[in-house]
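Scroll down for the structure; my scribbles are underneath it.
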Amino acid sequence: MDLVLPTLGLLLLAGLLLFWLIGLSVIPNDRIGILEKRWSAAGSIQSGFIALNGEAGFQPQVLRGGAHWRMPFQFAVHRMPLVTIPQGKIGYVFARDGRPLDASQALGSNEVAQDFQDATGFLAAGGQKGPQRRVLREGTYAINLAQFVVLTSDHLYYLPLNKDDAEVFQRMSALIQARHGFEPVILSGAEDCVGVVTVHEGPALSGSEIIAPVVGIDPKQADSYHNSFQDAERFLKAGGRRGRQLLVLVEGTYFINRLFATVEYIPKLVVEVGTVGVVVSYTGETGKDLSGTDYKHGELVLRGARGVWNEPLLPGKYAFNTFAGKVVMVPTTNFILKWNKREVGAHKFDENLSEVSLITKDAFEPSLPLSVVVHIDYRKAPLVIQRFGDIRRLVEQTLDPMVAAYFKNVGQTRTVIQLLQDRSLIQQEASIQMREKFEHYNLELEEVLIGTPGSSGGDKHIDEILAQLRERQIAEEKVATYLLKEKAAVQERMLNEAQARAAQQRGLTESELSIQILSNQGKAETQRVVQQANQMKTMAEAEAEKIRRLSEAEADKIKRIAEADAERAARVGIAEAMAIEEQVLASGGPRYQMTREVLSRFADAVATAKVDVVPRIVMSGGGEGKGGHGLLDTLVALMVDDRMQDAPASERPRRPEVEALREELLGRGGQPKA
């Protein structure tokens with residue numbers, strides 16, 4: 001008896017120890033314990049999956065690291081790992097228990113029920129079953145994996161309940177993986193793109209809408225901002241709707257629930273320099289038409305409204321959602337439209353243009369290539385797009401027939417040769433006349449350029465005419481070439497002479513210097529001789545002047561002496577003449593006086609010549625009717641007869657100068673002056 005009691009006590013103590021040990025659960029720090037209650041006085045769960053009120057079933061609380069004791073055979077402890085979300089990854093949560101989703105919902109709301117580590121709080125706050133809108137960011141979480149299933153890129157965290165669970169959650173993980181949902185949305189500057197978001201949750205768009213408008217922009221709704229679709233609850237609260245969104249994502253990192261929204265990437269809109277972008281918006285409010293009642297080619301609206309925006313996008317980069325509208329690029333620099341099959345402009349608006357077929361005045365059918373330089377004012381670009389839709393349609397449906405018709409009319413008024421020769425004039429006229437037509441379509445015509453007419457089809461005559469003109473031009477060019485060659489030859493000769501001169505430059509320089517020195521010396525000698533000659537000339541002139549003056553003085557002296565002598569002689573002669581005359585008158589007349597004078601002089605001459613008075617030979621001459629006279633008598637008689645008259649002395653003529661002198665000496669009455 002004494003031995004039995006101690007033994008029973010030991011057995012009871014051992015049983016108690018074993019019972020305690022059976023109810024003891026040790027949870028490592030890197031794991032959690034999920035409690036499953038096998039039986040309970042509160043009975044079984046009436047609704048739901050998690051026993052919130054102590055019923056039998058999975059309990060909302062989890063056991064963290066350490067030793068925990070629960071009633072043996074009442075609780076089963078399922079040891080599960082902690083949920084770990086790697087850096088830069090996203091974890092998705094699937095709730096097994098909670099309120100059912102509404103008909104419009106695809107994901108469970110987490111506006112209130114946000115804490116997945118508190119299953120009781122989640123369910124009490126009205127958390128919904130199914131995939132959740134809120135995602136898990138980097139970190140480690142102690143989550144009840146009986147209530148929640150967590151999907152990550154490399155692991156599925158859940159407490160298996162049946163054999164189909166793995167397949168279901170694998171399909172869900174594959175869907176997220178296909179959407180790259182385990183990685184955040186990363187837009188880098190190198191990619192130079194934007195993200196277009198499509199939301200799969202919320203109210204649907206109306207029948208007239210193709211894209212969801214921007215929400216949360218009004219400052220009065222600052223609490224409704226959705227942080228670029230990262231906060232699904234706030235997006236939906238702000239009135240966001242499902243469908244493709246107008247707002248796009250730019251550079252950055254976004255942790256977006258891919259079950260809530262997917263992202264597709266499009267390049268940024270780049271408006272190059274020299275162009276503007278005219279926006280044709282497919283969404284927005286129906287705006288007021290700004291083009292006026294007289295303009296019937298479409299609606300021109302303010303920016304943000306539906307239609308053609310009245311303000312184009314200037315050069316730059318834009319985060320433009322091309323699903324919400326299109327941007328038509330309009331060049332603002334001059335662009336060339338070429339009516340030529342073999343050439344295409346840089347903008348390729350003229351790919352379908354060809355040469356204009358003409359019929360000339362002389363019945364030829366040439367094809368005329370053209371080039372038209374066009375400019376569009378950037379402020380009028382929306383009007384052009386509003387009217388035509390794009391530039392190519394403008395060119396093909398309006399400019400092509402208009403330009404072709406104009407030049408067909410021009411071709412009918414000129415011959416082929418005139419088309420060639422009047423090309424410049426035709427260009428000027430076309431530029432002036434067509435400018436007004438282009439302005440009607442909000443275009444600015446800068447210039448019209450005409451090419452060389454060519455043959456079309458099998459017409460070879462135009463080619464022959466052009467060939468003749470080319471041959472003529474070639475001949476003229478040859479003439480010009482020959483002239484240039486001639487000039488080149490002359491220049492070459494001059495170059496050779498210059499080179500030769502340069503080669504002999506030293507000798508030439510020395511000789512030129514010698515010539516210059518000799519020239520300078522000669523000039524100096526010449527100057528010296530000139531100076532001497534001038535000196536001698538001056539001296540000669542002075543001497544001549546002296547001689548002239550002396551001669552004039554001597555001549556004057558001689559003249560005066562001669563005049564005095566002449567006057568004296570004249571006076572003496574007159575006096576003698578007068579005396580002789582008086583003597584003659586006194587001696588019996590002039591005949592007697594002359595005879596006596598002759599005989600006197602004859603006697604003087606005989607005496608001076610020493611001639612015999614009595615000649616040795618006597619000569620005598622006979623006469624008719626009377627006896628001859630001697631020679632002397634004859635001579636005397638001749639002299640007396642020749643010089644003397646028988647007239648009286650008072651009647652014989654006298655010379656005027658003698659009479660003047662006589663009057664001066666004797667006076668008017670013939671009597672000598674006192």
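Identifiers in the structure tokens: chain A, B, ... in order shown; residue index from 1 per chain; ligand index from 1 in order shown.
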
Practice problem: Can you pull out every residue within 12 Å of A:Leu425, counting only C-alpha atoms, but drop anything in the same chain fewer than 6 positions away, and send it as a list in words? | Solution: Val410, Gln418, Leu419, Ser431, Ile432, Val448, Leu449 and Ile450 of chain A

Need the shell around A:Gly243: protein/DNA/RNA residues with any atom at most 8 Å away, counting only C-alpha atoms. Skip same-chain ones fewer than 2 positions apart. Format as an mmCIF file with N, CA and C atoms, in the first residue's frame?
```
data_model
loop_
_atom_site.group_PDB
_atom_site.id
_atom_site.type_symbol
_atom_site.label_atom_id
_atom_site.label_comp_id
_atom_site.auth_asym_id
_atom_site.auth_seq_id
_atom_site.Cartn_x
_atom_site.Cartn_y
_atom_site.Cartn_z
ATOM 1 N N THR A 198 -3.828 50.845 -68.356
ATOM 2 C CA THR A 198 -5.181 50.332 -68.550
ATOM 3 C C THR A 198 -5.661 49.753 -67.226
ATOM 4 N N VAL A 199 -6.698 50.343 -66.669
ATOM 5 C CA VAL A 199 -7.227 49.922 -65.373
ATOM 6 C C VAL A 199 -8.300 48.859 -65.599
ATOM 7 N N HIS A 200 -8.230 47.790 -64.794
ATOM 8 C CA HIS A 200 -9.179 46.676 -64.916
ATOM 9 C C HIS A 200 -10.207 46.679 -63.796
ATOM 10 N N ALA A 204 -17.334 51.224 -65.579
ATOM 11 C CA ALA A 204 -16.982 51.186 -66.999
ATOM 12 C C ALA A 204 -17.226 52.554 -67.637
ATOM 13 N N LEU A 205 -16.574 52.761 -68.785
ATOM 14 C CA LEU A 205 -16.757 53.992 -69.542
ATOM 15 C C LEU A 205 -18.121 53.996 -70.219
ATOM 16 N N ILE A 211 -11.595 56.484 -73.818
ATOM 17 C CA ILE A 211 -10.474 56.542 -72.897
ATOM 18 C C ILE A 211 -10.937 57.257 -71.632
ATOM 19 N N ALA A 212 -10.424 56.797 -70.496
ATOM 20 C CA ALA A 212 -10.856 57.356 -69.220
ATOM 21 C C ALA A 212 -10.191 58.695 -68.986
ATOM 22 N N ARG A 241 -12.193 55.357 -63.547
ATOM 23 C CA ARG A 241 -12.965 54.309 -64.199
ATOM 24 C C ARG A 241 -12.034 53.361 -64.936
ATOM 25 N N GLN A 245 -6.331 54.742 -69.750
ATOM 26 C CA GLN A 245 -6.341 56.041 -69.091
ATOM 27 C C GLN A 245 -5.668 57.109 -69.956
#
```

Practice problem: Please identify all polymer residues within 12 Å of A:Met172, counting only C-alpha atoms, omitting same-chain residues fewer than 6 positions from it, and present them as number ranges by chain. | Solution: A: 92-94, 130-131, 149-153, 156, 165-166, 178-179, 181, 258-259

Quiz item: Which residues come within 12 Å of A:Ile417, counting only C-alpha atoms, excluding same-chain residues fewer than 4 positions away, as an MDAnalysis selection string?
Solution: chainID A and resid 360:362 364 366 411 413 421:423 452:454 462:466 468:469

Residues of the last selection are to be written out with N, CA and C atoms, as a PDB file, in the first residue's frame.
```pdb
ATOM      1  N   THR A 360       1.115  71.864-126.466  1.00  0.00           N
ATOM      2  CA  THR A 360       1.609  73.196-126.773  1.00  0.00           C
ATOM      3  C   THR A 360       0.855  73.799-127.955  1.00  0.00           C
ATOM      4  N   LYS A 361       1.170  75.064-128.187  1.00  0.00           N
ATOM      5  CA  LYS A 361       0.527  75.802-129.271  1.00  0.00           C
ATOM      6  C   LYS A 361       0.853  75.201-130.623  1.00  0.00           C
ATOM      7  N   ASP A 362       2.041  74.611-130.762  1.00  0.00           N
ATOM      8  CA  ASP A 362       2.448  73.987-132.020  1.00  0.00           C
ATOM      9  C   ASP A 362       2.163  72.490-132.037  1.00  0.00           C
ATOM     10  N   PHE A 364       2.691  69.983-129.993  1.00  0.00           N
ATOM     11  CA  PHE A 364       3.529  68.989-129.340  1.00  0.00           C
ATOM     12  C   PHE A 364       2.926  68.619-127.989  1.00  0.00           C
ATOM     13  N   PRO A 366       4.594  67.686-124.748  1.00  0.00           N
ATOM     14  CA  PRO A 366       5.707  67.437-123.815  1.00  0.00           C
ATOM     15  C   PRO A 366       5.190  67.196-122.392  1.00  0.00           C
ATOM     16  N   GLY A 411       0.658  76.005-121.247  1.00  0.00           N
ATOM     17  CA  GLY A 411       1.232  75.287-122.377  1.00  0.00           C
ATOM     18  C   GLY A 411       0.487  75.529-123.672  1.00  0.00           C
ATOM     19  N   THR A 413      -0.666  78.234-124.781  1.00  0.00           N
ATOM     20  CA  THR A 413      -0.400  79.578-125.320  1.00  0.00           C
ATOM     21  C   THR A 413       1.023  79.732-125.831  1.00  0.00           C
ATOM     22  N   GLN A 421      12.454  79.085-123.863  1.00  0.00           N
ATOM     23  CA  GLN A 421      13.049  80.420-123.822  1.00  0.00           C
ATOM     24  C   GLN A 421      12.377  81.336-122.801  1.00  0.00           C
ATOM     25  N   ASP A 422      11.083  81.140-122.563  1.00  0.00           N
ATOM     26  CA  ASP A 422      10.343  82.003-121.628  1.00  0.00           C
ATOM     27  C   ASP A 422      10.220  81.379-120.249  1.00  0.00           C
ATOM     28  N   ARG A 423      11.113  80.475-119.951  1.00  0.00           N
ATOM     29  CA  ARG A 423      11.008  79.746-118.675  1.00  0.00           C
ATOM     30  C   ARG A 423      11.006  80.692-117.483  1.00  0.00           C
ATOM     31  N   THR A 452      12.966  71.206-117.492  1.00  0.00           N
ATOM     32  CA  THR A 452      13.051  71.154-118.953  1.00  0.00           C
ATOM     33  C   THR A 452      11.961  70.251-119.504  1.00  0.00           C
ATOM     34  N   PRO A 453      11.136  70.727-120.440  1.00  0.00           N
ATOM     35  CA  PRO A 453      10.103  69.857-121.028  1.00  0.00           C
ATOM     36  C   PRO A 453      10.739  68.657-121.710  1.00  0.00           C
ATOM     37  N   GLY A 454      10.116  67.524-121.543  1.00  0.00           N
ATOM     38  CA  GLY A 454      10.624  66.307-122.158  1.00  0.00           C
ATOM     39  C   GLY A 454       9.545  65.633-122.974  1.00  0.00           C
ATOM     40  N   ILE A 462      10.325  66.254-129.930  1.00  0.00           N
ATOM     41  CA  ILE A 462      10.776  67.142-128.848  1.00  0.00           C
ATOM     42  C   ILE A 462      12.217  66.853-128.495  1.00  0.00           C
ATOM     43  N   ASP A 463      12.568  65.568-128.478  1.00  0.00           N
ATOM     44  CA  ASP A 463      13.963  65.219-128.200  1.00  0.00           C
ATOM     45  C   ASP A 463      14.888  65.762-129.278  1.00  0.00           C
ATOM     46  N   GLU A 464      14.419  65.727-130.534  1.00  0.00           N
ATOM     47  CA  GLU A 464      15.248  66.267-131.613  1.00  0.00           C
ATOM     48  C   GLU A 464      15.445  67.773-131.438  1.00  0.00           C
ATOM     49  N   ILE A 465      14.377  68.486-131.073  1.00  0.00           N
ATOM     50  CA  ILE A 465      14.496  69.932-130.860  1.00  0.00           C
ATOM     51  C   ILE A 465      15.451  70.222-129.713  1.00  0.00           C
ATOM     52  N   LEU A 466      15.293  69.477-128.654  1.00  0.00           N
ATOM     53  CA  LEU A 466      16.174  69.682-127.510  1.00  0.00           C
ATOM     54  C   LEU A 466      17.616  69.327-127.853  1.00  0.00           C
ATOM     55  N   GLN A 468      19.000  69.638-130.822  1.00  0.00           N
ATOM     56  CA  GLN A 468      19.552  70.755-131.587  1.00  0.00           C
ATOM     57  C   GLN A 468      19.911  71.928-130.687  1.00  0.00           C
ATOM     58  N   LEU A 469      19.064  72.221-129.745  1.00  0.00           N
ATOM     59  CA  LEU A 469      19.375  73.310-128.815  1.00  0.00           C
ATOM     60  C   LEU A 469      20.612  72.991-127.988  1.00  0.00           C
TER      61      LEU A 469
END
```

Practice problem: Considering only C-alpha atoms, return as a ChimeraX atom specification whatever protein or nucleic-acid residues lie within 10 Å of stretch 137-148 of chain A, sequence-local ones (same chain, fewer than 3 positions apart) excluded. | Solution: /A:30-36,49-50,58-64,78,80-98,115-120,123,129-132,134,151,157-161,184,255

Please produce an output containing C-alpha atoms for each residue in the selection, written as a PDB file, in the first residue's frame.
```pdb
ATOM      1  CA  ASP A  30      11.891  32.498 -38.840  1.00  0.00           C
ATOM      2  CA  ARG A  31       8.521  30.787 -38.885  1.00  0.00           C
ATOM      3  CA  ILE A  32       4.991  31.235 -37.593  1.00  0.00           C
ATOM      4  CA  GLY A  33       2.431  28.852 -36.193  1.00  0.00           C
ATOM      5  CA  ILE A  34      -1.057  28.683 -37.597  1.00  0.00           C
ATOM      6  CA  LEU A  35      -3.585  27.295 -35.144  1.00  0.00           C
ATOM      7  CA  GLU A  36      -6.263  24.891 -36.205  1.00  0.00           C
ATOM      8  CA  PHE A  49     -13.484  30.222 -43.191  1.00  0.00           C
ATOM      9  CA  ILE A  50     -11.695  31.709 -40.158  1.00  0.00           C
ATOM     10  CA  PHE A  58      -8.486  27.924 -38.321  1.00  0.00           C
ATOM     11  CA  GLN A  59      -7.879  30.632 -35.843  1.00  0.00           C
ATOM     12  CA  PRO A  60      -7.055  34.198 -36.944  1.00  0.00           C
ATOM     13  CA  GLN A  61      -4.095  34.548 -34.563  1.00  0.00           C
ATOM     14  CA  VAL A  62      -0.684  33.186 -35.429  1.00  0.00           C
ATOM     15  CA  LEU A  63       2.078  32.000 -33.125  1.00  0.00           C
ATOM     16  CA  ARG A  64       5.399  33.840 -33.448  1.00  0.00           C
ATOM     17  CA  HIS A  78       0.944  24.331 -38.613  1.00  0.00           C
ATOM     18  CA  MET A  80       4.789  28.007 -41.861  1.00  0.00           C
ATOM     19  CA  PRO A  81       7.570  30.335 -43.059  1.00  0.00           C
ATOM     20  CA  LEU A  82       7.469  34.083 -42.748  1.00  0.00           C
ATOM     21  CA  VAL A  83       6.522  35.870 -45.962  1.00  0.00           C
ATOM     22  CA  THR A  84       9.553  37.661 -47.428  1.00  0.00           C
ATOM     23  CA  ILE A  85       9.295  40.096 -50.359  1.00  0.00           C
ATOM     24  CA  PRO A  86      12.721  40.690 -51.955  1.00  0.00           C
ATOM     25  CA  GLN A  87      14.066  44.127 -52.667  1.00  0.00           C
ATOM     26  CA  GLY A  88      12.499  45.684 -55.751  1.00  0.00           C
ATOM     27  CA  LYS A  89       9.752  43.069 -55.980  1.00  0.00           C
ATOM     28  CA  ILE A  90       6.029  43.027 -55.408  1.00  0.00           C
ATOM     29  CA  GLY A  91       3.914  40.482 -53.486  1.00  0.00           C
ATOM     30  CA  TYR A  92       0.267  39.802 -54.259  1.00  0.00           C
ATOM     31  CA  VAL A  93      -2.281  38.752 -51.625  1.00  0.00           C
ATOM     32  CA  PHE A  94      -5.264  36.440 -52.076  1.00  0.00           C
ATOM     33  CA  ALA A  95      -7.789  36.311 -49.215  1.00  0.00           C
ATOM     34  CA  ARG A  96      -9.584  33.036 -48.614  1.00  0.00           C
ATOM     35  CA  ASP A  97     -12.160  34.530 -46.280  1.00  0.00           C
ATOM     36  CA  GLY A  98     -14.068  37.807 -46.179  1.00  0.00           C
ATOM     37  CA  ASP A 115      -3.366  45.058 -42.561  1.00  0.00           C
ATOM     38  CA  PHE A 116      -2.821  41.552 -43.848  1.00  0.00           C
ATOM     39  CA  GLN A 117      -0.904  40.588 -40.707  1.00  0.00           C
ATOM     40  CA  ASP A 118      -4.051  41.060 -38.615  1.00  0.00           C
ATOM     41  CA  ALA A 119      -6.599  38.590 -39.897  1.00  0.00           C
ATOM     42  CA  THR A 120      -9.094  39.487 -37.216  1.00  0.00           C
ATOM     43  CA  LEU A 123     -12.218  40.522 -41.435  1.00  0.00           C
ATOM     44  CA  LYS A 129     -12.138  37.586 -50.236  1.00  0.00           C
ATOM     45  CA  GLY A 130     -10.246  37.076 -53.429  1.00  0.00           C
ATOM     46  CA  PRO A 131      -7.226  38.913 -54.884  1.00  0.00           C
ATOM     47  CA  GLN A 132      -6.554  42.191 -53.119  1.00  0.00           C
ATOM     48  CA  ARG A 134      -3.159  46.399 -52.053  1.00  0.00           C
ATOM     49  CA  LEU A 151       2.329  35.154 -54.354  1.00  0.00           C
ATOM     50  CA  TYR A 157       3.170  31.245 -49.492  1.00  0.00           C
ATOM     51  CA  TYR A 158       0.037  29.379 -48.446  1.00  0.00           C
ATOM     52  CA  LEU A 159      -1.260  26.601 -46.204  1.00  0.00           C
ATOM     53  CA  PRO A 160      -2.375  23.752 -48.459  1.00  0.00           C
ATOM     54  CA  LEU A 161      -5.920  22.754 -47.795  1.00  0.00           C
ATOM     55  CA  PRO A 184       7.648  47.521 -60.544  1.00  0.00           C
ATOM     56  CA  PHE A 255       4.717  49.782 -57.747  1.00  0.00           C
TER      57      PHE A 255
END
```

Self-check item: Nearest candidate to A:Ala190 (options A:Pro267, A:Gly240, A:Phe320, A:Leu249; using only C-alpha atoms)
Solution: A:Pro267

Exercise. One decimal, Å: what's the distance from atom CA of A:Tyr254 over to atom CA of A:Phe229, could you say?
Key: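 According to the coordinates, atom CA of A:Tyr254 and atom CA of A:Phe229 are separated by 8.3 Å.
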
Practice problem: Just list the residues in stretch 203-365 of chain A DSSP gives strand (DSSP E) on the backbone, as an MDAnalysis selection string. | Solution: chainID A and resid 243:249 252:254 261:267 269:271 275:281 300:301 307:309 316:318 325:331 335:339 356:357

Let's have the selection written as a short mmCIF file (atom, residue, chain, number, x, y, z; two decimals), in the first residue's frame, with N, CA and C atoms.
```cif
data_model
loop_
_atom_site.label_atom_id
_atom_site.label_comp_id
_atom_site.auth_asym_id
_atom_site.auth_seq_id
_atom_site.Cartn_x
_atom_site.Cartn_y
_atom_site.Cartn_z
N GLY A 243 -10.56 50.95 -67.90
CA GLY A 243 -10.26 51.23 -69.30
C GLY A 243 -8.90 51.91 -69.44
N ARG A 244 -8.53 52.19 -70.68
CA ARG A 244 -7.27 52.87 -70.94
C ARG A 244 -7.37 54.32 -70.45
N GLN A 245 -6.33 54.74 -69.75
CA GLN A 245 -6.34 56.04 -69.09
C GLN A 245 -5.67 57.11 -69.96
N LEU A 246 -6.19 58.33 -69.83
CA LEU A 246 -5.59 59.45 -70.54
C LEU A 246 -4.25 59.84 -69.92
N LEU A 247 -4.16 59.78 -68.60
CA LEU A 247 -2.92 60.12 -67.92
C LEU A 247 -1.88 59.04 -68.17
N VAL A 248 -0.67 59.45 -68.50
CA VAL A 248 0.41 58.50 -68.78
C VAL A 248 1.48 58.60 -67.70
N LEU A 249 2.32 57.58 -67.65
CA LEU A 249 3.43 57.54 -66.71
C LEU A 249 4.69 58.01 -67.41
N GLY A 252 10.37 57.12 -64.02
CA GLY A 252 10.26 56.85 -62.59
C GLY A 252 9.99 55.37 -62.35
N THR A 253 9.81 55.02 -61.08
CA THR A 253 9.51 53.65 -60.66
C THR A 253 8.14 53.65 -59.99
N TYR A 254 7.30 52.72 -60.41
CA TYR A 254 5.92 52.68 -59.94
C TYR A 254 5.59 51.24 -59.51
N ALA A 261 -4.09 47.18 -62.73
CA ALA A 261 -3.80 47.97 -63.93
C ALA A 261 -2.59 47.40 -64.64
N THR A 262 -2.64 47.41 -65.95
CA THR A 262 -1.50 46.99 -66.76
C THR A 262 -0.93 48.22 -67.47
N VAL A 263 0.32 48.09 -67.89
CA VAL A 263 1.02 49.23 -68.50
C VAL A 263 1.62 48.78 -69.82
N GLU A 264 1.40 49.57 -70.84
CA GLU A 264 2.06 49.36 -72.13
C GLU A 264 2.87 50.60 -72.47
N TYR A 265 3.96 50.38 -73.18
CA TYR A 265 4.93 51.45 -73.39
C TYR A 265 4.83 51.95 -74.83
N ILE A 266 4.84 53.27 -74.95
CA ILE A 266 4.86 53.90 -76.26
C ILE A 266 5.95 54.97 -76.24
N PRO A 267 6.54 55.25 -77.39
CA PRO A 267 7.58 56.30 -77.40
C PRO A 267 6.98 57.67 -77.16
N LEU A 269 6.26 61.52 -77.78
CA LEU A 269 6.00 62.31 -78.99
C LEU A 269 7.10 63.35 -79.12
N VAL A 270 7.78 63.32 -80.24
CA VAL A 270 8.86 64.27 -80.51
C VAL A 270 8.44 65.15 -81.68
N VAL A 271 8.35 66.43 -81.42
CA VAL A 271 8.09 67.41 -82.48
C VAL A 271 9.42 68.04 -82.83
N THR A 275 8.97 71.81 -87.44
CA THR A 275 7.63 71.26 -87.56
C THR A 275 6.82 71.66 -86.32
N VAL A 276 5.52 71.53 -86.45
CA VAL A 276 4.62 71.66 -85.30
C VAL A 276 3.68 70.46 -85.36
N GLY A 277 3.13 70.11 -84.19
CA GLY A 277 2.20 69.00 -84.12
C GLY A 277 0.79 69.50 -83.91
N VAL A 278 -0.08 69.19 -84.85
CA VAL A 278 -1.49 69.55 -84.72
C VAL A 278 -2.21 68.36 -84.09
N VAL A 279 -2.84 68.61 -82.95
CA VAL A 279 -3.47 67.54 -82.18
C VAL A 279 -4.93 67.39 -82.60
N VAL A 280 -5.29 66.15 -82.92
CA VAL A 280 -6.69 65.79 -83.16
C VAL A 280 -7.08 64.90 -81.99
N SER A 281 -7.81 65.47 -81.05
CA SER A 281 -8.13 64.76 -79.81
C SER A 281 -9.39 63.93 -79.98
N LEU A 300 -12.67 73.52 -84.70
CA LEU A 300 -11.42 73.98 -84.12
C LEU A 300 -11.72 74.34 -82.68
N VAL A 301 -11.09 73.62 -81.74
CA VAL A 301 -11.46 73.75 -80.33
C VAL A 301 -10.24 74.12 -79.51
N GLY A 307 -11.63 67.34 -80.64
CA GLY A 307 -11.57 67.99 -81.95
C GLY A 307 -10.14 68.40 -82.27
N VAL A 308 -10.00 69.31 -83.23
CA VAL A 308 -8.69 69.82 -83.63
C VAL A 308 -8.33 70.99 -82.72
N TRP A 309 -7.22 70.85 -82.01
CA TRP A 309 -6.82 71.92 -81.10
C TRP A 309 -6.36 73.13 -81.89
N GLY A 316 9.60 70.03 -79.48
CA GLY A 316 9.93 69.54 -78.15
C GLY A 316 9.47 68.10 -78.00
N LYS A 317 9.58 67.57 -76.76
CA LYS A 317 9.13 66.22 -76.43
C LYS A 317 7.90 66.32 -75.53
N TYR A 318 6.95 65.42 -75.80
CA TYR A 318 5.69 65.46 -75.08
C TYR A 318 5.31 64.05 -74.64
N GLY A 325 -5.60 60.42 -79.00
CA GLY A 325 -5.63 61.34 -80.12
C GLY A 325 -4.41 61.11 -81.01
N LYS A 326 -4.42 61.78 -82.12
CA LYS A 326 -3.27 61.68 -83.01
C LYS A 326 -2.68 63.07 -83.22
N VAL A 327 -1.42 63.07 -83.54
CA VAL A 327 -0.72 64.32 -83.79
C VAL A 327 -0.23 64.30 -85.23
N VAL A 328 -0.67 65.26 -85.99
CA VAL A 328 -0.26 65.38 -87.39
C VAL A 328 0.88 66.37 -87.47
N MET A 329 2.01 65.90 -87.95
CA MET A 329 3.19 66.75 -88.07
C MET A 329 3.08 67.62 -89.32
N VAL A 330 3.21 68.90 -89.11
CA VAL A 330 3.12 69.87 -90.21
C VAL A 330 4.45 70.61 -90.29
N PRO A 331 5.13 70.53 -91.42
CA PRO A 331 6.40 71.26 -91.53
C PRO A 331 6.17 72.76 -91.57
N PHE A 335 9.08 73.45 -97.78
CA PHE A 335 9.23 72.09 -98.32
C PHE A 335 8.90 72.12 -99.81
N ILE A 336 9.51 71.21 -100.53
CA ILE A 336 9.41 71.19 -101.99
C ILE A 336 8.52 70.04 -102.43
N LEU A 337 7.58 70.36 -103.28
CA LEU A 337 6.75 69.35 -103.93
C LEU A 337 7.23 69.22 -105.37
N LYS A 338 7.60 68.00 -105.75
CA LYS A 338 8.19 67.76 -107.07
C LYS A 338 7.23 66.95 -107.93
N TRP A 339 6.82 67.54 -109.02
CA TRP A 339 6.03 66.82 -110.01
C TRP A 339 7.01 66.09 -110.93
N VAL A 356 3.65 67.06 -115.45
CA VAL A 356 2.40 67.57 -116.00
C VAL A 356 2.44 67.41 -117.53
N SER A 357 1.44 66.75 -118.08
CA SER A 357 1.36 66.55 -119.53
C SER A 357 0.73 67.78 -120.18
#
```

Quiz prompt | Residue with smallest distance to A:Gly304 - pool A:Phe602, A:Tyr282, A:Phe75, A:Tyr441, counting only C-alpha atoms | solution =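 Nearest to A:Gly304: A:Tyr282.
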
Exercise. Write out as a PyMOL selection string which residues come within 9 Å of A:Leu236 when counting only C-alpha atoms, dropping same-chain ones fewer than 4 positions away.
Key: chain A and resi 201-203+224+226+231-232+240-241

Quiz item: What separation in Å, quoted to one decimal, exists between atom CA of A:Leu107 and atom CA of A:Ile176?
Solution: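 Separation of atom CA of A:Leu107 and atom CA of A:Ile176: 13.7 Å.
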
Quiz prompt | Expected answer as a PyMOL selection string: helix (DSSP H, G or I) residues in stretch 114-202 of chain A | solution = chain A and resi 119-124+165-178

Self-check item: A:Ser455, A:Thr283, A:Ser424, A:Gln504 ranked by distance to A:Leu368, top pick (using only C-alpha atoms)
Solution: A:Ser455

Quiz prompt | d(atom CA of A:Val372, atom CA of A:Arg470) in Å | solution = 25.9 Å

Quiz item: Hey, what's within 7 Å of A:Glu355 if we count only C-alpha atoms and toss same-chain stuff fewer than 5 positions away? As an NGL selection string, please?
Solution: :A and (339-341 or 367-370)
